[in-house]
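Take a look at the structure set out below.
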Amino acid sequence: MADNSSSLLDRSRTIAGPGYNRWLVPPAALAIHLAIGQVYAFSVFKKPLGALISGNVDAPAPTDWSPGQIGWIFSIAIVLLGLSAAIFGKWLERVGPRKAMMAAALCFGGGFLIGSLGIHLHSLVLLYLGYGVLGGIGLGLGYISPVSTLIKWFPDRKGVATGMAIMGFGGGAMIASPLSVALMAHFKSTGTLGVAATFITLGIIYFLFMQFGVWTIRVPADDWAPAGYVPNAEHSALITSGNVSADNAIKTPQFWLLWVVLMTNVTAGIGVLETASPLIQDTFSKAAMGGGKFVTAAAAAGFVGLLSMFNLLGRFFWSSASDKLGRKVTYAIYFALGIALYLLIPTLGHNLQLTLYVVVACVIISMYGGGFATIPAYLSDLFGKYQVGAIHGRLLTAWSTAGVVGPLIVNYLHEGRKAQGFTGASAYQTVFYTMAGLLVVGLLANFAVTAVNEKYFEKGPVTPQGGGH
Amino acid sequence: MNPQPNNFGTPAAESSSTGALVIAWLFVGIPLAWGVSQTFIKALTLFQ
């Protein structure tokens with residue numbers, strides 16, 4: 001029995017037969033990304049977790065966890081996402097997507113269960129280890145597990161395929177947020193404000209939901225290609241015909257240039273996302289608007305929701321557009337347009353132009369999402385499809401870095417301006433100008449990307465099984 | 001390593017029917033659509 005279930009997870013058991021419809025693969029990938037995207041809805045637990053002792057979210061007890069302590073749960077999860085993606089990427093390429101997805105489901109679901117125990121015992125360490133460490137490993141494995149498979153199935157539409165999956169990561173938060181709120185209300189009478197029971201329920205739901213991806217994912221046969229597909233018909237110097245291993249990829253300047261590209265793009269996006277609610281309330285406050293209509297807390301929540309939608313849409317739109325525009329051009333647009341919009345947005349705030357302000361913020365966030373979704377195809381163009389999942393995993397350390405550094409920069413600059421007496425839009429001015437500066441760095445790094453030197457290419461034919469050690 | 005014989009979740013001579021495609025997309029599409037609709041409703045408060 002054990003042998004059977006083990007072998008069912010092997011790469012060899014996932015090779016698609018003739019006539020398999022490749023459009024069945026994106027739903028398998030989405031099942032994983034929709035689940036793990038929950039991490040971006042973690043903020044719904046912040047207030048209840050900070051009031052487990054008092055039982056009143058508006059009046060936490062002195063022994064309740066502080067917002068800072070709770071904030072580390074999310075940070076640990078994101079750092080572990082990047083680290084696990086980097087560490088386990090080669091293993092994933094070797095064992096195939098099904099085993100990796102199963103491991104992701106076990107870690108992510110298990111993280112919720114251990115986290116629930118931590119909530120029940122009021123042990124922050126257990127919560128850090130459960131949701132943060134174990135769940136974070138599940139995030140990393142789940143995030144990269146379908147990427148190389150999708151690229152192999154859609155060599156002619158890499159951006160569309162990976163954009164669909166990574167769009168799911170953005171959509172996951174949209175599902176998790178209202179679902180978590182509803183579950184906490186349902187389990188309120190069970191103690192811990194319903195959070196422990198909600199964690200158990202979510203752990204089980206997500207584990208089962210991810211099983212759909214585990215058992216429906218297929219990899220193409222080595223000699224498979226889409227009907228009518230001509231390899232390297234794009235005639236671009238940046239689309240390689242060779243294959244670079246993950247170990248060799250990190251020796252190339254191109255990998256580190258893309259690391260800077262992703263890190264700067266994500267950091268800049270976090271500048272808006274991290275402060276979205278207070279940003280719009282402070283900028284269009286009652287005092288600033290005079291007798292005009294100001295932005296309430298409820299309207300600010302609507303603004304955050306709108307940004308989430310553009311984050312999701314951007315992932316699919318920009319990544320799909322990159323199939324036509326080319327990856328380098330697409331990133332050049334992210335950076336050049338981003339610089340212009342980041343420089344513009346403080347002025348719109350000063351002039352109290354709410355509608356334009358919202359539109360600009362939405363475009364910025366669409367490019368933030370687009371940056372995540374376009375990077376796997378960019379990597380595949382430069383390094384080939386051989387170990388693109390593992391290379392992607394290593395590049396995600398840029399996301400972890402941005403996830404920690406971005407909010408630190410934003411909070412430091414904003415608090416500094418406030419300490420100098422600036423209020424409203426003025427208090428955020430340096431944040432936006434600094435983000436524009438970061439995007440200049442990203443633009444230059446993207447500009448410097450050239451084709452990978454052939455000395456890094458694998459010699460002879462490559463197979464997935466031979467890829468890992 | 002050769003593919004193993006047919007079994008649940010294993011490579012078969014799969015003729016992926018339209019039905020399977022519809023079910024697969026509905027399985028992920030319904031929760032996604034629900035999440036998007038909830039977010040859209042929330043976003044509307046910005047314009048009220």
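Naming scheme: A, B, ... for chains in displayed order of the structure tokens; residues 1 onward per chain; ligands 1 onward as shown.
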
Test item: chain A residues at most 7 Å from chain B, counting only C-alpha atoms, as number ranges by chain
A: 8, 12-21, 24, 27, 30-31, 171, 174-175, 215-216, 298-300, 302-303, 305-306

Would you pick out the contacts of segment 119-131 of chain A at 12 Å or less, using only C-alpha atoms, so that residues sharing its chain but fewer than 4 positions from it are not included, and give the list as a PDB file with C-alpha atoms, in the first residue's frame?
```
ATOM      1  CA  ILE A  36      -1.474  29.047  -0.922  1.00  0.00           C
ATOM      2  CA  GLN A  38      -4.319  32.517   1.437  1.00  0.00           C
ATOM      3  CA  VAL A  39      -1.130  33.915   2.973  1.00  0.00           C
ATOM      4  CA  PHE A  42      -3.420  36.619   6.891  1.00  0.00           C
ATOM      5  CA  PHE A  45      -6.347  37.130  11.843  1.00  0.00           C
ATOM      6  CA  PRO A  48      -8.335  38.274  16.867  1.00  0.00           C
ATOM      7  CA  LEU A  49      -4.859  36.826  17.464  1.00  0.00           C
ATOM      8  CA  GLY A  50      -4.016  39.942  19.436  1.00  0.00           C
ATOM      9  CA  ALA A  51      -6.996  39.477  21.744  1.00  0.00           C
ATOM     10  CA  LEU A  52      -7.008  35.761  22.568  1.00  0.00           C
ATOM     11  CA  ILE A  53      -6.611  36.391  26.315  1.00  0.00           C
ATOM     12  CA  THR A  63      -0.549  39.460  28.187  1.00  0.00           C
ATOM     13  CA  ASP A  64      -2.039  39.358  24.689  1.00  0.00           C
ATOM     14  CA  TRP A  65       0.340  39.170  21.712  1.00  0.00           C
ATOM     15  CA  SER A  66       1.373  42.550  20.315  1.00  0.00           C
ATOM     16  CA  GLY A  68       4.606  43.328  16.184  1.00  0.00           C
ATOM     17  CA  GLN A  69       4.762  39.756  17.481  1.00  0.00           C
ATOM     18  CA  ILE A  70       1.839  38.750  15.265  1.00  0.00           C
ATOM     19  CA  GLY A  71       3.376  40.500  12.257  1.00  0.00           C
ATOM     20  CA  TRP A  72       6.339  38.139  12.429  1.00  0.00           C
ATOM     21  CA  ILE A  73       4.097  35.154  11.596  1.00  0.00           C
ATOM     22  CA  PHE A  74       3.517  36.520   8.079  1.00  0.00           C
ATOM     23  CA  SER A  75       7.132  37.643   7.689  1.00  0.00           C
ATOM     24  CA  ILE A  76       8.467  34.206   8.653  1.00  0.00           C
ATOM     25  CA  ALA A  77       6.089  32.539   6.188  1.00  0.00           C
ATOM     26  CA  ILE A  78       7.247  34.797   3.325  1.00  0.00           C
ATOM     27  CA  VAL A  79      10.931  34.344   4.160  1.00  0.00           C
ATOM     28  CA  LEU A  80      10.436  30.553   4.285  1.00  0.00           C
ATOM     29  CA  LEU A  81       8.599  30.735   0.967  1.00  0.00           C
ATOM     30  CA  LEU A 106       1.033  18.432   3.658  1.00  0.00           C
ATOM     31  CA  CYS A 107       3.212  21.321   4.803  1.00  0.00           C
ATOM     32  CA  PHE A 108       0.645  24.043   4.156  1.00  0.00           C
ATOM     33  CA  GLY A 109      -2.275  22.109   5.684  1.00  0.00           C
ATOM     34  CA  GLY A 110      -0.072  20.839   8.521  1.00  0.00           C
ATOM     35  CA  GLY A 111       1.106  24.370   9.222  1.00  0.00           C
ATOM     36  CA  PHE A 112      -2.479  25.393   9.917  1.00  0.00           C
ATOM     37  CA  LEU A 113      -2.992  22.428  12.271  1.00  0.00           C
ATOM     38  CA  ILE A 114       0.171  23.139  14.292  1.00  0.00           C
ATOM     39  CA  GLY A 115      -0.705  26.827  14.248  1.00  0.00           C
ATOM     40  CA  GLY A 135       3.351  26.606   6.225  1.00  0.00           C
ATOM     41  CA  GLY A 136       6.035  28.787   4.629  1.00  0.00           C
ATOM     42  CA  ILE A 137       7.788  25.695   3.249  1.00  0.00           C
ATOM     43  CA  GLY A 138       4.422  24.626   1.813  1.00  0.00           C
ATOM     44  CA  LEU A 139       4.103  28.051   0.218  1.00  0.00           C
ATOM     45  CA  THR A 190     -15.704  27.487  20.541  1.00  0.00           C
ATOM     46  CA  GLY A 191     -13.205  29.812  22.260  1.00  0.00           C
ATOM     47  CA  THR A 192     -10.093  31.645  21.002  1.00  0.00           C
ATOM     48  CA  LEU A 193     -12.528  33.921  19.131  1.00  0.00           C
ATOM     49  CA  GLY A 194     -13.007  31.042  16.707  1.00  0.00           C
ATOM     50  CA  VAL A 195      -9.450  31.353  15.344  1.00  0.00           C
ATOM     51  CA  ALA A 196      -8.166  27.921  16.426  1.00  0.00           C
ATOM     52  CA  ALA A 197     -11.177  26.120  14.914  1.00  0.00           C
ATOM     53  CA  THR A 198     -10.891  28.261  11.776  1.00  0.00           C
ATOM     54  CA  PHE A 199      -7.226  27.257  11.410  1.00  0.00           C
ATOM     55  CA  ILE A 200      -8.134  23.547  11.684  1.00  0.00           C
ATOM     56  CA  LEU A 202      -8.757  25.902   6.711  1.00  0.00           C
ATOM     57  CA  GLY A 203      -5.957  23.352   7.065  1.00  0.00           C
TER      58      GLY A 203
END
```

re atom CA of Pro346 of chain A and atom CA of Val360 of chain A: distance 10.7 Å

Residues at most 7 Å from Glu458 of chain A, counting only C-alpha atoms, excluding those fewer than 3 positions away in the same chain, as a PyMOL selection string?
chain A and resi 243-245

Top pick for closest residue to Val272 of chain A, considering A:Pro407, A:Gly242, A:Gly172, A:Gly290 and counting only C-alpha atoms
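Going through A:Pro407, A:Gly242, A:Gly172, A:Gly290 one by one, the smallest distance to Val272 of chain A is for A:Pro407.
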
Excluding segment 423-434 of chain A and residues on its chain fewer than 2 positions from it, collect all residues at most 10 Å away from it, counting only C-alpha atoms, and give them as a count of residues only.
45

One decimal, in Å: what's the spacing between atom CA of Phe457 of chain A and atom CA of Ser320 of chain A?
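Atom CA of Ser320 of chain A lies 27.4 Å from atom CA of Phe457 of chain A.
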
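We find atom CA of Arg327 of chain A and atom CA of Leu408 of chain A to be spaced 29.5 Å apart.
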
So that I can see what lies close to Tyr456 of chain A, please list as a PDB file with N, CA and C atoms, in the first residue's frame the residues with an atom at most 12 Å from it, counting only C-alpha atoms and leaving out residues fewer than 3 positions away in the same chain.
```pdb
ATOM      1  N   THR A 240      16.778  31.563 -25.578  1.00  0.00           N
ATOM      2  CA  THR A 240      17.863  30.615 -25.811  1.00  0.00           C
ATOM      3  C   THR A 240      17.363  29.304 -26.411  1.00  0.00           C
ATOM      4  N   GLY A 242      19.493  26.770 -25.721  1.00  0.00           N
ATOM      5  CA  GLY A 242      20.227  25.898 -24.817  1.00  0.00           C
ATOM      6  C   GLY A 242      19.519  25.725 -23.488  1.00  0.00           C
ATOM      7  N   ASN A 243      20.158  24.984 -22.605  1.00  0.00           N
ATOM      8  CA  ASN A 243      19.612  24.763 -21.270  1.00  0.00           C
ATOM      9  C   ASN A 243      20.698  25.006 -20.228  1.00  0.00           C
ATOM     10  N   VAL A 244      20.334  25.742 -19.197  1.00  0.00           N
ATOM     11  CA  VAL A 244      21.284  26.071 -18.132  1.00  0.00           C
ATOM     12  C   VAL A 244      20.763  25.450 -16.838  1.00  0.00           C
ATOM     13  N   SER A 245      21.651  24.776 -16.101  1.00  0.00           N
ATOM     14  CA  SER A 245      21.237  24.178 -14.826  1.00  0.00           C
ATOM     15  C   SER A 245      21.086  25.273 -13.765  1.00  0.00           C
ATOM     16  N   ALA A 246      20.389  24.926 -12.691  1.00  0.00           N
ATOM     17  CA  ALA A 246      20.183  25.904 -11.616  1.00  0.00           C
ATOM     18  C   ALA A 246      21.513  26.315 -11.008  1.00  0.00           C
ATOM     19  N   ASP A 247      22.436  25.349 -10.880  1.00  0.00           N
ATOM     20  CA  ASP A 247      23.735  25.668 -10.282  1.00  0.00           C
ATOM     21  C   ASP A 247      24.540  26.621 -11.160  1.00  0.00           C
ATOM     22  N   ASN A 248      24.434  26.423 -12.471  1.00  0.00           N
ATOM     23  CA  ASN A 248      25.154  27.326 -13.374  1.00  0.00           C
ATOM     24  C   ASN A 248      24.450  28.671 -13.503  1.00  0.00           C
ATOM     25  N   ALA A 249      23.122  28.655 -13.420  1.00  0.00           N
ATOM     26  CA  ALA A 249      22.360  29.901 -13.602  1.00  0.00           C
ATOM     27  C   ALA A 249      22.797  30.970 -12.606  1.00  0.00           C
ATOM     28  N   ILE A 250      23.031  30.537 -11.346  1.00  0.00           N
ATOM     29  CA  ILE A 250      23.391  31.552 -10.341  1.00  0.00           C
ATOM     30  C   ILE A 250      24.816  32.075 -10.523  1.00  0.00           C
ATOM     31  N   LYS A 251      25.549  31.463 -11.459  1.00  0.00           N
ATOM     32  CA  LYS A 251      26.894  31.985 -11.764  1.00  0.00           C
ATOM     33  C   LYS A 251      26.838  33.048 -12.862  1.00  0.00           C
ATOM     34  N   THR A 252      25.673  33.212 -13.462  1.00  0.00           N
ATOM     35  CA  THR A 252      25.574  34.160 -14.577  1.00  0.00           C
ATOM     36  C   THR A 252      25.153  35.540 -14.073  1.00  0.00           C
ATOM     37  N   PRO A 253      25.617  36.593 -14.742  1.00  0.00           N
ATOM     38  CA  PRO A 253      25.153  37.940 -14.360  1.00  0.00           C
ATOM     39  C   PRO A 253      23.655  38.107 -14.604  1.00  0.00           C
ATOM     40  N   GLN A 254      23.129  37.374 -15.605  1.00  0.00           N
ATOM     41  CA  GLN A 254      21.703  37.516 -15.935  1.00  0.00           C
ATOM     42  C   GLN A 254      20.814  37.144 -14.748  1.00  0.00           C
ATOM     43  N   PHE A 255      21.184  36.092 -14.016  1.00  0.00           N
ATOM     44  CA  PHE A 255      20.368  35.681 -12.867  1.00  0.00           C
ATOM     45  C   PHE A 255      20.293  36.818 -11.852  1.00  0.00           C
ATOM     46  N   LEU A 382      15.693  32.876 -20.981  1.00  0.00           N
ATOM     47  CA  LEU A 382      17.136  33.056 -20.842  1.00  0.00           C
ATOM     48  C   LEU A 382      17.884  31.755 -20.549  1.00  0.00           C
ATOM     49  N   PHE A 383      17.262  30.893 -19.724  1.00  0.00           N
ATOM     50  CA  PHE A 383      17.985  29.715 -19.228  1.00  0.00           C
ATOM     51  C   PHE A 383      17.447  28.390 -19.779  1.00  0.00           C
ATOM     52  N   GLY A 384      16.395  28.435 -20.573  1.00  0.00           N
ATOM     53  CA  GLY A 384      15.797  27.199 -21.084  1.00  0.00           C
ATOM     54  C   GLY A 384      14.861  26.590 -20.054  1.00  0.00           C
ATOM     55  N   ALA A 451      21.746  37.993 -23.650  1.00  0.00           N
ATOM     56  CA  ALA A 451      21.668  36.532 -23.765  1.00  0.00           C
ATOM     57  C   ALA A 451      22.745  35.880 -22.893  1.00  0.00           C
ATOM     58  N   VAL A 452      22.443  34.713 -22.371  1.00  0.00           N
ATOM     59  CA  VAL A 452      23.385  33.986 -21.516  1.00  0.00           C
ATOM     60  C   VAL A 452      24.509  33.388 -22.364  1.00  0.00           C
ATOM     61  N   ASN A 453      25.719  33.526 -21.881  1.00  0.00           N
ATOM     62  CA  ASN A 453      26.882  32.976 -22.581  1.00  0.00           C
ATOM     63  C   ASN A 453      26.733  31.450 -22.720  1.00  0.00           C
ATOM     64  N   LYS A 459      25.838  20.403 -21.707  1.00  0.00           N
ATOM     65  CA  LYS A 459      26.335  19.720 -22.917  1.00  0.00           C
ATOM     66  C   LYS A 459      25.500  18.464 -23.138  1.00  0.00           C
TER      67      LYS A 459
END
```

DSSP on the backbone, then: every residue of segment 248-325 of chain A marked alpha helix (DSSP H), written as a PyMOL selection string.
chain A and resi 248-249+253-273+276-283+286-289+297-325
